[in-house]
Amino acid sequence: MRHAAALSALLLPIAAPASAAPATDVVTRSGAVHGAASDAGVVAFKGIPYAAPPVGPLRWRSPQPAAAWTSPRDATRFGTPCFASPLPGPMQPPPQSEDCLTANVWTPPADGAAGGTAPGKRPVMVWIHGGGFEFGSSAQPGYDGTALAKHGVVVVSFNYRLGVLGFLAHPALDHEGPASGNYGLQDQVAALRWVRANIAAFGGDPANVTIFGESAGAHSVGILMASPLAKGLFAKAIAESGAFWDSEHGSLSTHAEATTRGVAFQQRMGAADLAALRALPAEQLNLAGRWDVRLDPGTTVFSPNVDGYVLREAPAAAFARGAAAKVPLLAGWNAQEQTPLFLPRALPHDTPEAFRAGEASLFGADRTAAAEAAYPSADPARSSATLVGDLVISEQTWEMLALQQKARRTGVYAYQFSFTSPYSPIANHTAEVKYVFGNLAPPPPGRGGGAPGDGDRATADLMTAYWTNFATRGDPNGPGLPAWPSYAGPGSQVLSFKPDGATAAAETGTDRLRFVGSFRTAGRLPDRWRTVMP
């Protein structure tokens, strides 16, 4: 296809630099870039185009190769974030643009080492940011790759199209090229192709790439593992709190559901046809397609769908068939995934009776006893919170681990994160990210929490070491670290991150997660859940 042929050129790697020392000037296939060195010896290159700006006639089209440049390009500032839904609160979003498909690279110090790898053959970690496919960017301070790069890995992050500009599906778009709607996911594939072609110039090994992400980034990891388009573009995967883009409303949208939503959007915008819709200002489209955090983005706005191109089937189905990428996998979830983001989406729980009625509607009258055992109505607030966290995050992450372990037998590692401290008082959704990146900045004024303490720094040291070890050789273990056993299937040993340290322990919540997983048919959760949950 046209776009596939255009992107295939990006698969040809360029030569690694002759010098072992990290350079502030690197030549990519599109042209030279000039980065900035930090006091730690890490060099950061920011805002490098990995694809052409998806503007004008390229809006809602597959990503195209970036145009070449002749003069050295300043790469000391992040590129403009993609248009996104605003988050609640007083903070104003940064300037946004459709011209946003840029990548960032952090290269290790000259003497940095990862498992004895030589300069020019550094392991590569490619971060995919979260945000429900509706918000976020690679420029968020918590995603700075300096601390990870100090462990001897090359770190990459990138922007991808979000919301209506990244995931609009429409029958007219289907006639222009591949099945529509997953442009943000195609951006991710294009970024990985850019890494394959260019990362050797930054000292990285294009054959040793680990994709890692959290929330929507972790769902992206699972989707890329299931997608034929991403085959061979990475060697390992890390998924933090996410897997298949399932939710309390069942599995991700079918293409028919996604195109129906797209046609309704066109009508709501008063656009006579696709050309008229494409001619509308991006700001207007983004505002009209904005997401409300109290709602499920998978069923109310624009997000990944089973398009038959990026995804030929629901990701869970691909994993169940053993058709997902059989790469080493490290994945896990947090103790309080539901708090506070997903609580508005929970079943009614004012009384035990209200919660039991919700359970019966969701799981069926014939499964009430099993539902009660998993989520007791005697404590409806706690059970409803646990249930929505399981439906949105925990169950599918657990199931991905189990299915990948079944397919591989070895090289799969599971964790459960319940670490808390005065600095990070709740092990909620996203709580682990600052420790993985080693970015323990004090919280903003008015956000609560204290300064990071010794326990926080020790946990960050553990997680950055485990993650970079895994990226190096597919095994998180290393000298001086508590032993992390390979995952042996449901109910087996995981690594538990707790306030008193990290240790191997039996997986918790297995029966509860197995109960939810029992409702899958051919990898999909019941479509009737679309109308049962709030």
# chains A, B, ... in the order shown; residues from 1 in each chain; ligands from 1
>>> residues_around(residues="Gly501 in chain A", least_positions_apart="5", cutoff="9 Å", atoms="only C-alpha atoms", output="PyMOL selection string")
chain A and resi 419+455+458-459+496
>>> residues_around(residues="Arg512 in chain A", least_positions_apart="2", cutoff="10 Å", atoms="only C-alpha atoms", output="PyMOL selection string")
chain A and resi 370-371+373-375+386-387+390+395+508-510+514-517
>>> write_last_selection(atoms="N, CA and C atoms", output="short mmCIF file (atom, residue, chain, number, x, y, z; two decimals), in the first residue's frame")
data_model
loop_
_atom_site.label_atom_id
_atom_site.label_comp_id
_atom_site.auth_asym_id
_atom_site.auth_seq_id
_atom_site.Cartn_x
_atom_site.Cartn_y
_atom_site.Cartn_z
N ALA A 370 -20.84 -16.47 42.60
CA ALA A 370 -19.42 -16.27 42.31
C ALA A 370 -19.06 -14.79 42.36
N ALA A 371 -19.97 -13.94 41.87
CA ALA A 371 -19.71 -12.50 41.92
C ALA A 371 -19.63 -12.02 43.36
N ALA A 373 -18.69 -13.74 45.93
CA ALA A 373 -17.43 -14.20 46.52
C ALA A 373 -16.27 -13.32 46.10
N ALA A 374 -16.31 -12.86 44.85
CA ALA A 374 -15.21 -12.03 44.34
C ALA A 374 -15.31 -10.59 44.82
N TYR A 375 -16.53 -10.07 44.86
CA TYR A 375 -16.76 -8.66 45.20
C TYR A 375 -17.93 -8.57 46.19
N THR A 386 -12.91 -1.79 43.73
CA THR A 386 -12.02 -2.86 43.29
C THR A 386 -12.45 -3.39 41.93
N LEU A 387 -13.76 -3.55 41.74
CA LEU A 387 -14.28 -4.10 40.50
C LEU A 387 -13.95 -3.21 39.31
N ASP A 390 -10.37 -3.48 38.43
CA ASP A 390 -10.09 -4.75 37.75
C ASP A 390 -10.55 -4.72 36.30
N GLU A 395 -7.39 -6.85 35.51
CA GLU A 395 -7.66 -8.18 34.95
C GLU A 395 -6.94 -8.40 33.63
N THR A 508 -1.56 -11.87 44.39
CA THR A 508 -2.81 -11.67 45.11
C THR A 508 -3.94 -11.34 44.14
N GLY A 509 -5.19 -11.67 44.54
CA GLY A 509 -6.36 -11.35 43.73
C GLY A 509 -6.61 -12.30 42.59
N THR A 510 -5.92 -13.44 42.55
CA THR A 510 -6.01 -14.34 41.40
C THR A 510 -7.43 -14.82 41.15
N ARG A 514 -9.55 -14.14 37.82
CA ARG A 514 -9.96 -15.30 37.02
C ARG A 514 -11.47 -15.27 36.76
N PHE A 515 -12.24 -14.83 37.77
CA PHE A 515 -13.68 -14.73 37.62
C PHE A 515 -14.05 -13.75 36.50
N VAL A 516 -13.45 -12.57 36.50
CA VAL A 516 -13.75 -11.60 35.44
C VAL A 516 -13.33 -12.17 34.08
N GLY A 517 -12.17 -12.79 34.02
CA GLY A 517 -11.69 -13.33 32.75
C GLY A 517 -12.55 -14.45 32.21
#
>>> closest_residue(among="A:Ala317, A:Pro95, A:Gln396, A:Arg312", to="His219 in chain A", atoms="only C-alpha atoms")
A:Gln396
>>> atom_distance(atom1="CA of Trp333 in chain A", atom2="CA of Glu240 in chain A")
6.1 Å
>>> residues_around(residues="range 169-173 of chain A", least_positions_apart="3", cutoff="10 Å", atoms="only C-alpha atoms", output="PyMOL selection string")
chain A and resi 60-61+164-166+176-183+255-266+273-275+302-305+307
>>> residues_around(residues="Arg409 in chain A", least_positions_apart="4", cutoff="12 Å", atoms="only C-alpha atoms", output="ChimeraX atom specification")
/A:322,326-329,401-405,413,486-489
>>> select_by_dssp(residues="range 306-338 of chain A", states="helix (DSSP H, G or I)", output="list in words")
Pro315, Ala316, Ala317, Ala318, Phe319 and Ala320 of chain A
>>> write_last_selection(atoms="N, CA and C atoms", output="PDB file, in the first residue's frame")
ATOM      1  N   PRO A 315      -7.062  -7.684  20.773  1.00  0.00           N
ATOM      2  CA  PRO A 315      -5.732  -8.106  21.235  1.00  0.00           C
ATOM      3  C   PRO A 315      -5.759  -9.366  22.090  1.00  0.00           C
ATOM      4  N   ALA A 316      -6.747  -9.481  22.982  1.00  0.00           N
ATOM      5  CA  ALA A 316      -6.810 -10.669  23.838  1.00  0.00           C
ATOM      6  C   ALA A 316      -6.968 -11.937  23.016  1.00  0.00           C
ATOM      7  N   ALA A 317      -7.674 -11.854  21.900  1.00  0.00           N
ATOM      8  CA  ALA A 317      -7.842 -13.024  21.046  1.00  0.00           C
ATOM      9  C   ALA A 317      -6.515 -13.431  20.424  1.00  0.00           C
ATOM     10  N   ALA A 318      -5.727 -12.449  19.992  1.00  0.00           N
ATOM     11  CA  ALA A 318      -4.418 -12.756  19.420  1.00  0.00           C
ATOM     12  C   ALA A 318      -3.518 -13.419  20.461  1.00  0.00           C
ATOM     13  N   PHE A 319      -3.540 -12.889  21.698  1.00  0.00           N
ATOM     14  CA  PHE A 319      -2.751 -13.507  22.760  1.00  0.00           C
ATOM     15  C   PHE A 319      -3.243 -14.918  23.055  1.00  0.00           C
ATOM     16  N   ALA A 320      -4.557 -15.117  23.080  1.00  0.00           N
ATOM     17  CA  ALA A 320      -5.115 -16.435  23.398  1.00  0.00           C
ATOM     18  C   ALA A 320      -4.751 -17.464  22.329  1.00  0.00           C
TER      19      ALA A 320
END
>>> residues_around(residues="Met463 in chain A", least_positions_apart="3", cutoff="10 Å", atoms="only C-alpha atoms", output="ChimeraX atom specification")
/A:148,432-438,457-460,466-469,476,481,497,502
>>> closest_residue(among="A:Pro81, A:Pro281, A:Pro108, A:Gly217", to="Arg59 in chain A", atoms="only C-alpha atoms")
A:Pro281
>>> residues_around(residues="Gln188 in chain A", least_positions_apart="3", cutoff="12 Å", atoms="only C-alpha atoms", output="PyMOL selection string")
chain A and resi 50-51+62-63+101-103+126-129+133+156-162+166+182-185+191-195+211-213+217+220-221+223-224+227+229-230+233-234+310
>>> closest_residue(among="A:Ala385, A:Leu362, A:Ala427, A:Ala200", to="Pro499 in chain A", atoms="only C-alpha atoms")
A:Ala427
>>> residues_around(residues="range 291-295 of chain A", least_positions_apart="6", cutoff="9 Å", atoms="only C-alpha atoms", output="list in words")
Ala84, Ser85, Pro86, Leu87, Pro88, Glu134, Phe135, Gly163, Val301, Phe302, Leu341, Phe342, Leu343, Pro344, Arg345 and Pro534 of chain A
>>> atom_distance(atom1="CA of Arg73 in chain A", atom2="CA of Arg196 in chain A")
20.4 Å
>>> atom_distance(atom1="CA of Met225 in chain A", atom2="CA of Ala314 in chain A")
11.6 Å
>>> select_by_dssp(residues="range 14-247 of chain A", states="strand (DSSP E or B)", output="VMD selection string")
chain A and resid 25 to 27 32 to 34 36 to 37 43 to 49 73 to 74 82 97 102 to 107 122 to 128 154 to 158 204 to 214 236 to 240 247
>>> write_last_selection(atoms="N, CA and C atoms", output="short mmCIF file (atom, residue, chain, number, x, y, z; two decimals), in the first residue's frame")
data_model
loop_
_atom_site.label_atom_id
_atom_site.label_comp_id
_atom_site.auth_asym_id
_atom_site.auth_seq_id
_atom_site.Cartn_x
_atom_site.Cartn_y
_atom_site.Cartn_z
N ASP A 25 26.02 16.19 18.37
CA ASP A 25 25.62 16.30 16.98
C ASP A 25 25.56 14.91 16.37
N VAL A 26 24.41 14.57 15.83
CA VAL A 26 24.17 13.25 15.25
C VAL A 26 23.50 13.44 13.90
N VAL A 27 23.85 12.58 12.96
CA VAL A 27 23.25 12.63 11.63
C VAL A 27 22.22 11.51 11.51
N ALA A 32 21.05 16.27 10.04
CA ALA A 32 21.78 16.36 11.29
C ALA A 32 20.92 17.03 12.37
N VAL A 33 21.14 16.60 13.62
CA VAL A 33 20.44 17.21 14.76
C VAL A 33 21.48 17.57 15.82
N HIS A 34 21.20 18.66 16.55
CA HIS A 34 22.10 19.13 17.59
C HIS A 34 21.37 19.07 18.93
N ALA A 36 21.64 18.57 23.50
CA ALA A 36 22.24 19.27 24.64
C ALA A 36 22.68 18.25 25.67
N ALA A 37 23.89 18.43 26.20
CA ALA A 37 24.43 17.54 27.21
C ALA A 37 24.05 18.03 28.60
N VAL A 43 23.15 13.01 26.91
CA VAL A 43 22.83 13.98 25.87
C VAL A 43 21.39 13.76 25.44
N ALA A 44 20.61 14.83 25.43
CA ALA A 44 19.21 14.77 25.04
C ALA A 44 19.01 15.43 23.68
N PHE A 45 18.29 14.74 22.82
CA PHE A 45 17.89 15.28 21.52
C PHE A 45 16.36 15.29 21.51
N LYS A 46 15.78 16.46 21.31
CA LYS A 46 14.33 16.59 21.45
C LYS A 46 13.70 17.16 20.18
N GLY A 47 12.43 16.80 20.00
CA GLY A 47 11.66 17.40 18.91
C GLY A 47 12.11 17.01 17.52
N ILE A 48 12.60 15.78 17.33
CA ILE A 48 13.05 15.34 16.01
C ILE A 48 11.85 14.79 15.24
N PRO A 49 11.53 15.31 14.07
CA PRO A 49 10.40 14.77 13.29
C PRO A 49 10.65 13.31 12.90
N ARG A 73 19.70 20.67 12.62
CA ARG A 73 18.43 21.04 13.25
C ARG A 73 18.63 21.15 14.75
N ASP A 74 18.16 22.25 15.34
CA ASP A 74 18.21 22.40 16.79
C ASP A 74 17.29 21.37 17.42
N CYS A 82 0.64 17.06 20.56
CA CYS A 82 -0.54 16.88 19.72
C CYS A 82 -1.78 17.44 20.43
N SER A 97 -0.66 21.38 18.57
CA SER A 97 -0.62 21.51 17.12
C SER A 97 -0.86 20.16 16.48
N THR A 102 6.88 14.10 16.66
CA THR A 102 8.31 14.23 16.94
C THR A 102 8.74 13.22 17.99
N ALA A 103 10.03 12.91 17.97
CA ALA A 103 10.62 11.96 18.91
C ALA A 103 11.74 12.64 19.68
N ASN A 104 12.07 12.05 20.82
CA ASN A 104 13.14 12.53 21.69
C ASN A 104 14.06 11.36 22.02
N VAL A 105 15.35 11.63 22.15
CA VAL A 105 16.33 10.57 22.42
C VAL A 105 17.28 11.04 23.52
N TRP A 106 17.51 10.18 24.51
CA TRP A 106 18.52 10.42 25.54
C TRP A 106 19.61 9.35 25.39
N THR A 107 20.85 9.80 25.21
CA THR A 107 21.96 8.85 25.04
C THR A 107 22.77 8.78 26.32
N ARG A 122 24.03 -0.10 22.49
CA ARG A 122 23.27 0.08 23.72
C ARG A 122 21.84 -0.44 23.56
N PRO A 123 21.29 -1.04 24.62
CA PRO A 123 19.87 -1.38 24.58
C PRO A 123 19.03 -0.12 24.42
N VAL A 124 17.88 -0.24 23.81
CA VAL A 124 17.01 0.90 23.51
C VAL A 124 15.67 0.69 24.21
N MET A 125 15.20 1.73 24.91
CA MET A 125 13.89 1.68 25.56
C MET A 125 13.01 2.78 24.95
N VAL A 126 11.91 2.37 24.34
CA VAL A 126 11.01 3.30 23.66
C VAL A 126 9.75 3.46 24.50
N TRP A 127 9.56 4.66 25.05
CA TRP A 127 8.43 4.95 25.94
C TRP A 127 7.22 5.41 25.15
N ILE A 128 6.06 4.84 25.49
CA ILE A 128 4.79 5.25 24.91
C ILE A 128 3.95 5.85 26.03
N VAL A 154 19.73 3.64 25.76
CA VAL A 154 19.25 4.77 24.98
C VAL A 154 17.74 4.83 25.15
N VAL A 155 17.23 5.99 25.55
CA VAL A 155 15.80 6.16 25.82
C VAL A 155 15.18 7.00 24.72
N VAL A 156 14.03 6.56 24.24
CA VAL A 156 13.30 7.28 23.19
C VAL A 156 11.87 7.50 23.68
N SER A 157 11.31 8.66 23.40
CA SER A 157 9.89 8.90 23.60
C SER A 157 9.37 9.65 22.38
N PHE A 158 8.06 9.72 22.22
CA PHE A 158 7.51 10.38 21.03
C PHE A 158 6.07 10.77 21.28
N GLY A 204 22.52 3.29 19.83
CA GLY A 204 21.61 2.22 20.22
C GLY A 204 21.64 1.04 19.26
N ASP A 205 21.18 -0.08 19.75
CA ASP A 205 21.14 -1.33 18.98
C ASP A 205 19.73 -1.51 18.42
N PRO A 206 19.53 -1.38 17.12
CA PRO A 206 18.19 -1.52 16.55
C PRO A 206 17.61 -2.92 16.70
N ALA A 207 18.45 -3.89 17.03
CA ALA A 207 17.97 -5.26 17.24
C ALA A 207 17.61 -5.52 18.70
N ASN A 208 17.82 -4.54 19.57
CA ASN A 208 17.54 -4.74 21.01
C ASN A 208 16.69 -3.57 21.51
N VAL A 209 15.47 -3.50 21.02
CA VAL A 209 14.53 -2.44 21.37
C VAL A 209 13.46 -3.00 22.29
N THR A 210 13.22 -2.30 23.40
CA THR A 210 12.14 -2.63 24.33
C THR A 210 11.11 -1.52 24.28
N ILE A 211 9.85 -1.86 24.00
CA ILE A 211 8.78 -0.88 24.12
C ILE A 211 8.24 -0.94 25.53
N PHE A 212 7.97 0.23 26.12
CA PHE A 212 7.38 0.24 27.46
C PHE A 212 6.43 1.41 27.57
N GLY A 213 5.38 1.23 28.34
CA GLY A 213 4.38 2.27 28.49
C GLY A 213 3.49 2.00 29.67
N GLU A 214 2.73 3.03 30.04
CA GLU A 214 1.82 2.95 31.18
C GLU A 214 0.43 3.40 30.77
N LYS A 236 11.48 -6.77 23.10
CA LYS A 236 10.97 -6.98 24.46
C LYS A 236 9.86 -5.98 24.72
N ALA A 237 9.07 -6.24 25.76
CA ALA A 237 7.94 -5.36 26.05
C ALA A 237 7.71 -5.24 27.55
N ILE A 238 7.35 -4.04 27.99
CA ILE A 238 7.00 -3.77 29.38
C ILE A 238 5.66 -3.04 29.38
N ALA A 239 4.70 -3.57 30.13
CA ALA A 239 3.36 -2.97 30.20
C ALA A 239 3.03 -2.67 31.65
N GLU A 240 2.89 -1.40 31.96
CA GLU A 240 2.55 -0.95 33.30
C GLU A 240 1.08 -0.54 33.33
N SER A 247 -12.39 -2.48 28.99
CA SER A 247 -12.87 -1.60 30.04
C SER A 247 -14.10 -2.21 30.69
#
